[in-house]
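Note sheet for the following structure.
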Amino acid sequence: MTETSTAATKAKTAKHAASPFGLRDYYGIPNFEMPKFDMSNMEMPEAFREMTEKGVAHAKDTYAKAKMASEETADLLQNSYATVAKGATDYNLKLIEIARTNTRAAFDYADELLGVKSPSEFIELSTAQMRKQFDMFSAQNKELCALAQETATEAAKSIKTRVSKAFNTAP
């Protein structure tokens with residue numbers, strides 16, 4: 001009798017293990033899978049095939065255009081970044097030059113102050129130094145503004161040229 005019940009249990013287990021949609025996983029829950037159709041045996045209508053081919057061709061064309069546009073945009077950004085980086089470097093070098101000039105002027109003024117003999121000479125020297133300092137700061141400010149404006153203009157010019165080119169060649 002034990003052989004009969006063991007055989008029956010094995011048969012039940014085999015029956016449950018064989019599922020029409022797939023095998024059971026570790027917990028006994030069936031794994032459902034999509035049925036696989038053999039497409040080579042199916043015949044598609046010609047109109048459907050043409051429509052699919054046109055869709056694929058259109059997708060490839062759109063992908064190629066998008067890829068080309070993204071490459072052009074990357075080049076544009078790289079060129080603009082290089083222009084701005086060069087401008088920032090020039091601006092920083094100009095700031096260092098200005099700081100050096102102002103430091104020299106301050107030391108020259110201090111040296112001249114050591115030779116002052118009277119209060120009127122001190123006032124005259126101080127007034128001349130302030131006038132000289134004001135003129136120098138004004139000239140330096142104009143140089144920095146011109147340099148910043150030149151950098152911004154160059155960066156904007158390259159972007160403007162590329163964007164207008166893109167809009168003129170767009171279909």
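We label chains A, B, ... in the order they appear in the structure tokens, count residues from 1 in each chain, and number ligands from 1 in the order shown.
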So that I can see what lies close to segment 152-161 of chain A, please list as a ChimeraX atom specification the residues with an atom at most 12 Å from it, counting only C-alpha atoms and leaving out residues fewer than 2 positions away in the same chain.
/A:72-88,91,145-150,163-168
Can you tell me which residues surround segment 119-125 of chain A at a distance of at most 12 Å, considering only C-alpha atoms, apart from same-chain residues fewer than 6 positions away, and format the answer as a PDB file with C-alpha atoms, in the first residue's frame?
```pdb
ATOM      1  CA  ASP A 108      55.089 105.328  -3.927  1.00  0.00           C
ATOM      2  CA  TYR A 109      52.637 107.530  -2.015  1.00  0.00           C
ATOM      3  CA  ALA A 110      53.917 106.222   1.317  1.00  0.00           C
ATOM      4  CA  ASP A 111      57.493 106.944   0.194  1.00  0.00           C
ATOM      5  CA  GLU A 112      56.535 110.503  -0.797  1.00  0.00           C
ATOM      6  CA  LEU A 113      54.794 110.993   2.554  1.00  0.00           C
ATOM      7  CA  ARG A 131      43.076 112.822  -7.883  1.00  0.00           C
ATOM      8  CA  LYS A 132      45.634 110.455  -9.394  1.00  0.00           C
ATOM      9  CA  GLN A 133      43.997 107.469  -7.654  1.00  0.00           C
TER      10      GLN A 133
END
```
For Ala99 of chain A, find every residue with an atom within 12 Å (counting only C-alpha atoms), except residues of its own chain fewer than 5 positions away, and show them as a compact mmCIF listing (two decimals) with N, CA and C atoms, in the first residue's frame.
```
# COMPACT_ATOMS: atom_id res chain seq x y z
N ASN A 92 40.95 87.93 -15.22
CA ASN A 92 41.71 87.69 -13.99
C ASN A 92 43.13 88.22 -14.10
N LEU A 93 43.75 88.05 -15.26
CA LEU A 93 45.10 88.60 -15.45
C LEU A 93 45.09 90.12 -15.36
N LYS A 94 44.05 90.72 -15.90
CA LYS A 94 43.92 92.18 -15.83
C LYS A 94 43.74 92.62 -14.37
N ARG A 104 51.83 99.34 -6.15
CA ARG A 104 53.00 100.20 -6.43
C ARG A 104 52.68 101.66 -6.14
N ALA A 105 51.50 102.10 -6.56
CA ALA A 105 51.09 103.50 -6.33
C ALA A 105 50.98 103.79 -4.84
N ALA A 106 50.46 102.83 -4.06
CA ALA A 106 50.33 103.03 -2.62
C ALA A 106 51.71 103.13 -1.96
N MET A 136 43.04 106.86 -12.00
CA MET A 136 43.53 105.51 -12.26
C MET A 136 42.40 104.48 -12.08
N PHE A 137 41.60 104.62 -11.02
CA PHE A 137 40.48 103.69 -10.81
C PHE A 137 39.46 103.79 -11.93
N GLN A 140 40.90 102.01 -14.93
CA GLN A 140 40.92 100.56 -14.70
C GLN A 140 39.51 99.98 -14.80
```
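Distance-wise, atom CA of Gly115 of chain A and atom CA of Asp135 of chain A end up 23.9 Å apart.
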